[in-house]
Each structure stands twice: as structure tokens, then as C-alpha cells.
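As C-alpha cells, the structure follows; a few thoughts come after it.
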Amino acid sequence: MAHLRLAWVLSGRGWADCIVGDQQTDAEVTASCITAAPEDLLTAVTRLIVGETECRAQFEAEPTAFRWIFYREGTDVWIRLLELARGSDHDNAGTEIWSTQQHIDVVARAVIRCFDEVVSKYGESAYRGKWGEHFPRTELEVLRTAWRDHRGDWAASWSPSNP
């Protein structure tokens with residue numbers, strides 16, 4: 001536990017590759033701008049931080065879809081990443097391509113760091129030019145605020161150097 005990497009790479013007009021990994025394995029998924037993929041991911045993690053126990057986000061790759069399923073119990077989060085032939089398919093029709101269990105703080109930090117790096121690399125204007133939509137500034141700041149407001153709740157039970 002306590003190791004999560006996330007990268008969002010704009011790979012073409014309206015397309016992004018998202019690479020996620022932990023200490024054991026990595027997965028790469030594709031997202032199209034036909035849906036609000038980055039906003040959905042940021043919002044799902046925010047919902048986890050404020051106490052929801054199950055959240056989802058979905059990336060459409062036309063016609064393939066990648067569904068992120070987050071389960072939270074206490075300060076632990078289990079992430080499952082499914083590949084589905086169609087976005088409307090039930091979870092049971094998907095193939096799990098990656099999963100991990102992490103502390104909620106690790107998940108929040110990885111997602112915030114990812115999108116901080118995106119805006120640092122591209123800038124908001126170039127991001128819009130490549131992705132086709134505005135950078136998800138509002139969702140990123142809502143996540144950052146929720147994380148700051150709640151991380152003290154977890155401090156007694158965990159620290160990054162002692163998971």
C-alpha cells in the first residue's frame with residue numbers, strides 16, 4: 001500500500017491516455033472528450049473524501065469504456081478499473097484490468113498531483129486546445145479543499161511513512 005501513480009497525457013485532439021499504477025502493476029486506459037472524464041474522476045475522489053463508500057467514474061474510448069469503481073471502508077480505498085465493450089454494459093460484463101487498495105490520503109494526493117502536473121505541463125489554454133474542453137479547475141479545487149478539510153481526520157490512524 002501507500003504508492004499510487006496517476007498520469008493524464010493528452011494524446012491527440014480530444015483524446016487522453018491515463019496511466020495508473022501502484023507498486024505491483026500499471027494499466028493504461030484511453031479517454032475521449034465526448035464525456036467529462038477528468039471531471040468525473042475528480043468528483044468521484046472528492047465524494048470518497050467526504051464520506052461516500054462507493055463512487056464511480058467512466059472514460060469513454062468509443063466504443064470501449066473504462067469504468068473506475070471506488071469502494072471506501074474507513075480510511076482504505078479499493079480501486080477497481082474495468083474495461084467494457086460498451087459504456088452501457090453492467091460491471092459484470094467488464095474485465096478487471098487493474099486494482100489496488102490504498103489509503104484515502106494516497107488516492108487524494110495522487111489525483112491532485114496528476115492534475116497539478118497536467119496544468120503545469122500544458123497550461124489551461126493549451127489544455128483546452130488539445131482536449132477540446134476547459135481544464136477541470138473547479139473540480140480540482142473542490143477536491144483539494146475537501147482533502148485539506150478532511151485529512152486531519154485520518155492523521156491519527158495513518159501517515160505516509162507508516163501505513
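To be explicit about the labels: the chains of the C-alpha cells are called A, B, and onward in the order shown, and within each one the residues are counted from 1, while ligands get numbers from 1 in the order they are shown.
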Original post:
Do you know which residues are at most 9 Å from stretch 35-39 of chain A counting only C-alpha atoms, after dropping those on the same chain fewer than 4 positions away, and could you put them as an MDAnalysis selection string?
Top reply: chainID A and resid 8 31 43:44 57:60 115 133 135:140
Could you pull out all residues of stretch 18-160 of chain A with a DSSP call of strand (DSSP E) and give them as a CSV table (one decimal) with C-alpha atoms, in the first residue's frame?
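Here's the written file result-v9.csv:
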chain,number,residue,atom,x,y,z
A,18,CYS,CA,-4.5,7.8,-18.4
A,19,ILE,CA,-1.8,5.7,-16.8
A,20,VAL,CA,-2.4,4.4,-13.3
A,21,GLY,CA,-0.1,2.2,-11.2
A,26,ASP,CA,0.3,-0.5,-14.1
A,27,ALA,CA,-2.6,0.0,-16.5
A,28,GLU,CA,-3.2,2.4,-19.3
A,29,VAL,CA,-6.7,3.5,-20.4
A,30,THR,CA,-7.9,5.9,-23.0
A,31,ALA,CA,-10.5,8.7,-22.6
A,32,SER,CA,-12.4,10.7,-25.2
A,54,GLU,CA,-18.8,3.7,-3.3
A,55,CYS,CA,-18.2,6.0,-6.3
A,56,ARG,CA,-17.7,5.6,-10.0
A,57,ALA,CA,-16.2,7.4,-12.9
A,58,GLN,CA,-16.2,6.3,-16.6
A,59,PHE,CA,-14.0,7.1,-19.5
A,60,GLU,CA,-15.4,6.5,-23.0
A,65,ALA,CA,-15.3,2.2,-21.9
A,66,PHE,CA,-13.2,2.1,-18.8
A,67,ARG,CA,-15.0,2.2,-15.5
A,68,TRP,CA,-13.4,3.2,-12.2
A,69,ILE,CA,-15.1,1.8,-9.2
A,70,PHE,CA,-14.0,3.1,-5.8
A,71,TYR,CA,-15.0,1.4,-2.5
A,72,ARG,CA,-14.2,3.0,0.8
A,73,GLU,CA,-14.1,1.4,4.2
A,76,ASP,CA,-9.0,2.4,3.0
A,77,VAL,CA,-10.0,2.7,-0.7
A,78,TRP,CA,-10.2,-0.3,-3.1
A,79,ILE,CA,-10.0,0.8,-6.7
A,80,ARG,CA,-11.1,-1.5,-9.5
A,81,LEU,CA,-10.6,-0.5,-13.1
A,82,LEU,CA,-12.8,-2.3,-15.6
A,83,GLU,CA,-12.7,-2.5,-19.4
A,84,LEU,CA,-16.1,-2.8,-21.0
A,95,THR,CA,-12.9,-7.3,-17.4
A,96,GLU,CA,-10.9,-6.1,-14.4
A,97,ILE,CA,-7.6,-4.7,-15.8
A,98,TRP,CA,-6.2,-3.2,-12.6
A,99,SER,CA,-7.0,-3.0,-9.0
A,100,THR,CA,-5.3,-1.7,-5.8
A,101,GLN,CA,-6.0,-1.0,-2.2
A,102,GLN,CA,-4.8,2.4,-0.9
A,103,HIS,CA,-5.2,4.8,2.0
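Near A:Ala85, within 8 Å and counting only C-alpha atoms, sit Pro63, Thr64, Ala65 and Gly94 of chain A, not including residues fewer than 6 positions from it in the same chain.
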**OP:** Mind checking which residues fall within 8 Å of stretch 46-49 of chain A, counting only C-alpha atoms, ignoring those fewer than 6 positions away in the same chain, and posting them as an MDAnalysis selection string?
**Re:** chainID A and resid 55 70 72 104 108 142:143 146:147 150
Just-selected residues, all heavy atoms written as a PDB file, in the first residue's frame:
ATOM      1  N   CYS A  55     -18.132   5.000  -5.250  1.00  0.00           N
ATOM      2  CA  CYS A  55     -18.224   6.021  -6.294  1.00  0.00           C
ATOM      3  C   CYS A  55     -17.699   5.437  -7.596  1.00  0.00           C
ATOM      4  O   CYS A  55     -16.910   4.491  -7.588  1.00  0.00           O
ATOM      5  CB  CYS A  55     -17.391   7.247  -5.930  1.00  0.00           C
ATOM      6  SG  CYS A  55     -17.883   8.024  -4.401  1.00  0.00           S
ATOM      7  N   PHE A  70     -14.707   2.810  -7.051  1.00  0.00           N
ATOM      8  CA  PHE A  70     -14.025   3.091  -5.795  1.00  0.00           C
ATOM      9  C   PHE A  70     -14.903   2.620  -4.645  1.00  0.00           C
ATOM     10  O   PHE A  70     -16.073   2.998  -4.575  1.00  0.00           O
ATOM     11  CB  PHE A  70     -13.788   4.598  -5.630  1.00  0.00           C
ATOM     12  CG  PHE A  70     -12.963   5.228  -6.708  1.00  0.00           C
ATOM     13  CD1 PHE A  70     -13.558   5.749  -7.853  1.00  0.00           C
ATOM     14  CD2 PHE A  70     -11.589   5.327  -6.575  1.00  0.00           C
ATOM     15  CE1 PHE A  70     -12.799   6.358  -8.839  1.00  0.00           C
ATOM     16  CE2 PHE A  70     -10.822   5.930  -7.550  1.00  0.00           C
ATOM     17  CZ  PHE A  70     -11.424   6.438  -8.693  1.00  0.00           C
ATOM     18  N   ARG A  72     -14.862   2.522  -0.413  1.00  0.00           N
ATOM     19  CA  ARG A  72     -14.151   3.024   0.756  1.00  0.00           C
ATOM     20  C   ARG A  72     -14.695   2.361   2.012  1.00  0.00           C
ATOM     21  O   ARG A  72     -15.904   2.262   2.202  1.00  0.00           O
ATOM     22  CB  ARG A  72     -14.315   4.540   0.874  1.00  0.00           C
ATOM     23  CG  ARG A  72     -13.616   5.078   2.115  1.00  0.00           C
ATOM     24  CD  ARG A  72     -13.698   6.564   2.235  1.00  0.00           C
ATOM     25  NE  ARG A  72     -13.158   6.959   3.541  1.00  0.00           N
ATOM     26  CZ  ARG A  72     -13.146   8.165   4.003  1.00  0.00           C
ATOM     27  NH1 ARG A  72     -13.630   9.154   3.279  1.00  0.00           N
ATOM     28  NH2 ARG A  72     -12.661   8.420   5.198  1.00  0.00           N
ATOM     29  N   ILE A 104      -6.948   6.507   1.770  1.00  0.00           N
ATOM     30  CA  ILE A 104      -7.668   7.614   1.145  1.00  0.00           C
ATOM     31  C   ILE A 104      -6.755   8.811   0.882  1.00  0.00           C
ATOM     32  O   ILE A 104      -6.867   9.464  -0.152  1.00  0.00           O
ATOM     33  CB  ILE A 104      -8.903   8.020   1.991  1.00  0.00           C
ATOM     34  CG1 ILE A 104      -9.728   9.089   1.280  1.00  0.00           C
ATOM     35  CG2 ILE A 104      -8.516   8.482   3.385  1.00  0.00           C
ATOM     36  CD1 ILE A 104     -10.468   8.619   0.084  1.00  0.00           C
ATOM     37  N   ALA A 108      -6.149  10.642  -2.801  1.00  0.00           N
ATOM     38  CA  ALA A 108      -6.369  12.080  -2.990  1.00  0.00           C
ATOM     39  C   ALA A 108      -5.095  12.768  -3.487  1.00  0.00           C
ATOM     40  O   ALA A 108      -5.133  13.544  -4.448  1.00  0.00           O
ATOM     41  CB  ALA A 108      -6.843  12.718  -1.688  1.00  0.00           C
ATOM     42  N   VAL A 142     -12.175  21.864  -5.743  1.00  0.00           N
ATOM     43  CA  VAL A 142     -13.126  21.267  -4.800  1.00  0.00           C
ATOM     44  C   VAL A 142     -12.485  20.049  -4.142  1.00  0.00           C
ATOM     45  O   VAL A 142     -12.579  19.858  -2.924  1.00  0.00           O
ATOM     46  CB  VAL A 142     -14.461  20.911  -5.495  1.00  0.00           C
ATOM     47  CG1 VAL A 142     -15.332  20.033  -4.610  1.00  0.00           C
ATOM     48  CG2 VAL A 142     -15.210  22.180  -5.886  1.00  0.00           C
ATOM     49  N   LEU A 143     -11.802  19.222  -4.939  1.00  0.00           N
ATOM     50  CA  LEU A 143     -11.100  18.064  -4.389  1.00  0.00           C
ATOM     51  C   LEU A 143     -10.010  18.513  -3.417  1.00  0.00           C
ATOM     52  O   LEU A 143      -9.900  17.989  -2.307  1.00  0.00           O
ATOM     53  CB  LEU A 143     -10.483  17.218  -5.506  1.00  0.00           C
ATOM     54  CG  LEU A 143      -9.540  16.096  -5.073  1.00  0.00           C
ATOM     55  CD1 LEU A 143     -10.217  15.124  -4.110  1.00  0.00           C
ATOM     56  CD2 LEU A 143      -8.993  15.360  -6.298  1.00  0.00           C
ATOM     57  N   ALA A 146     -11.604  19.708  -0.165  1.00  0.00           N
ATOM     58  CA  ALA A 146     -12.138  18.582   0.615  1.00  0.00           C
ATOM     59  C   ALA A 146     -11.005  17.806   1.265  1.00  0.00           C
ATOM     60  O   ALA A 146     -11.088  17.421   2.438  1.00  0.00           O
ATOM     61  CB  ALA A 146     -12.977  17.669  -0.286  1.00  0.00           C
ATOM     62  N   TRP A 147      -9.929  17.581   0.515  1.00  0.00           N
ATOM     63  CA  TRP A 147      -8.778  16.848   1.055  1.00  0.00           C
ATOM     64  C   TRP A 147      -8.177  17.598   2.240  1.00  0.00           C
ATOM     65  O   TRP A 147      -7.911  17.013   3.281  1.00  0.00           O
ATOM     66  CB  TRP A 147      -7.754  16.621  -0.056  1.00  0.00           C
ATOM     67  CG  TRP A 147      -6.468  16.045   0.402  1.00  0.00           C
ATOM     68  CD1 TRP A 147      -6.252  14.804   0.926  1.00  0.00           C
ATOM     69  CD2 TRP A 147      -5.198  16.694   0.376  1.00  0.00           C
ATOM     70  NE1 TRP A 147      -4.916  14.640   1.224  1.00  0.00           N
ATOM     71  CE2 TRP A 147      -4.254  15.789   0.890  1.00  0.00           C
ATOM     72  CE3 TRP A 147      -4.769  17.947  -0.047  1.00  0.00           C
ATOM     73  CZ2 TRP A 147      -2.901  16.114   0.990  1.00  0.00           C
ATOM     74  CZ3 TRP A 147      -3.427  18.255   0.050  1.00  0.00           C
ATOM     75  CH2 TRP A 147      -2.517  17.336   0.575  1.00  0.00           C
ATOM     76  N   HIS A 150     -10.417  17.359   5.331  1.00  0.00           N
ATOM     77  CA  HIS A 150     -10.627  16.039   5.931  1.00  0.00           C
ATOM     78  C   HIS A 150      -9.354  15.283   6.280  1.00  0.00           C
ATOM     79  O   HIS A 150      -9.411  14.312   7.013  1.00  0.00           O
ATOM     80  CB  HIS A 150     -11.488  15.168   5.013  1.00  0.00           C
ATOM     81  CG  HIS A 150     -12.907  15.604   4.976  1.00  0.00           C
ATOM     82  ND1 HIS A 150     -13.347  16.601   4.140  1.00  0.00           N
ATOM     83  CD2 HIS A 150     -13.974  15.200   5.696  1.00  0.00           C
ATOM     84  CE1 HIS A 150     -14.631  16.781   4.330  1.00  0.00           C
ATOM     85  NE2 HIS A 150     -15.042  15.958   5.269  1.00  0.00           N
TER      86      HIS A 150
END
Subject >> Selection near A:Asp105, 8 Å with only C-alpha atoms, sequence-local residues under 4 positions removed, as a list in words >> reply: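 Everything that qualifies: Thr75, Arg109, Trp147, Arg151 and Trp154 of chain A.
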**OP:** Can you work out the spacing between atom CA of A:His3 and atom CA of A:Thr25 in Å, to one decimal?
**Re:**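 Interatomic distance here is 11.0 Å.
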Original post:
From the list A:Ala61, A:Val107, A:Ala93, A:Val50, which residue is nearest A:Trp15 when using only C-alpha atoms?
Top reply: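 Result for the nearest residue to A:Trp15: A:Ala61.
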Original post:
Looking only at the backbone, which of the residues in stretch 33-96 of chain A does DSSP tag as helix (DSSP H, G or I), as JSON, numbers by chain?
Top reply: {"A": [37, 38, 39, 40, 41, 42, 43, 44, 45, 46, 47, 48, 49, 91, 92, 93]}
Take the selection from the previous step and output its residues with N, CA and C atoms, as a short mmCIF file (atom, residue, chain, number, x, y, z; two decimals), in the first residue's frame.
data_model
loop_
_atom_site.label_atom_id
_atom_site.label_comp_id
_atom_site.auth_asym_id
_atom_site.auth_seq_id
_atom_site.Cartn_x
_atom_site.Cartn_y
_atom_site.Cartn_z
N ALA A 37 -14.69 13.02 -18.61
CA ALA A 37 -13.86 12.03 -17.91
C ALA A 37 -13.03 12.62 -16.78
N PRO A 38 -12.24 13.68 -16.99
CA PRO A 38 -11.42 14.18 -15.88
C PRO A 38 -12.28 14.74 -14.75
N GLU A 39 -13.36 15.43 -15.11
CA GLU A 39 -14.26 15.97 -14.09
C GLU A 39 -14.89 14.84 -13.27
N ASP A 40 -15.29 13.77 -13.96
CA ASP A 40 -15.92 12.63 -13.26
C ASP A 40 -14.95 11.97 -12.30
N LEU A 41 -13.69 11.82 -12.71
CA LEU A 41 -12.69 11.20 -11.84
C LEU A 41 -12.44 12.08 -10.61
N LEU A 42 -12.24 13.36 -10.82
CA LEU A 42 -12.01 14.28 -9.70
C LEU A 42 -13.21 14.30 -8.75
N THR A 43 -14.40 14.31 -9.29
CA THR A 43 -15.61 14.33 -8.47
C THR A 43 -15.78 13.04 -7.69
N ALA A 44 -15.48 11.90 -8.29
CA ALA A 44 -15.60 10.62 -7.59
C ALA A 44 -14.66 10.59 -6.38
N VAL A 45 -13.43 11.04 -6.56
CA VAL A 45 -12.48 11.05 -5.45
C VAL A 45 -12.92 12.04 -4.37
N THR A 46 -13.45 13.17 -4.77
CA THR A 46 -13.98 14.13 -3.79
C THR A 46 -15.10 13.50 -2.98
N ARG A 47 -15.99 12.80 -3.64
CA ARG A 47 -17.10 12.15 -2.94
C ARG A 47 -16.59 11.11 -1.93
N LEU A 48 -15.52 10.40 -2.29
CA LEU A 48 -14.92 9.45 -1.34
C LEU A 48 -14.40 10.18 -0.11
N ILE A 49 -13.72 11.28 -0.33
CA ILE A 49 -13.11 12.03 0.77
C ILE A 49 -14.16 12.51 1.75
N ASP A 91 -21.33 -3.85 -14.84
CA ASP A 91 -19.99 -4.17 -14.33
C ASP A 91 -19.61 -5.62 -14.59
N ASN A 92 -20.56 -6.53 -14.45
CA ASN A 92 -20.27 -7.96 -14.62
C ASN A 92 -19.82 -8.32 -16.04
N ALA A 93 -20.12 -7.46 -17.01
CA ALA A 93 -19.70 -7.70 -18.39
C ALA A 93 -18.28 -7.20 -18.63
#
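Going from atom CA of A:Ala110 to atom CA of A:Gly87 covers 25.3 Å.
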Subject >> Interatomic distance, atom CA of A:Ser125 to atom CA of A:Arg148 (Å, one decimal) >> reply: 27.0 Å
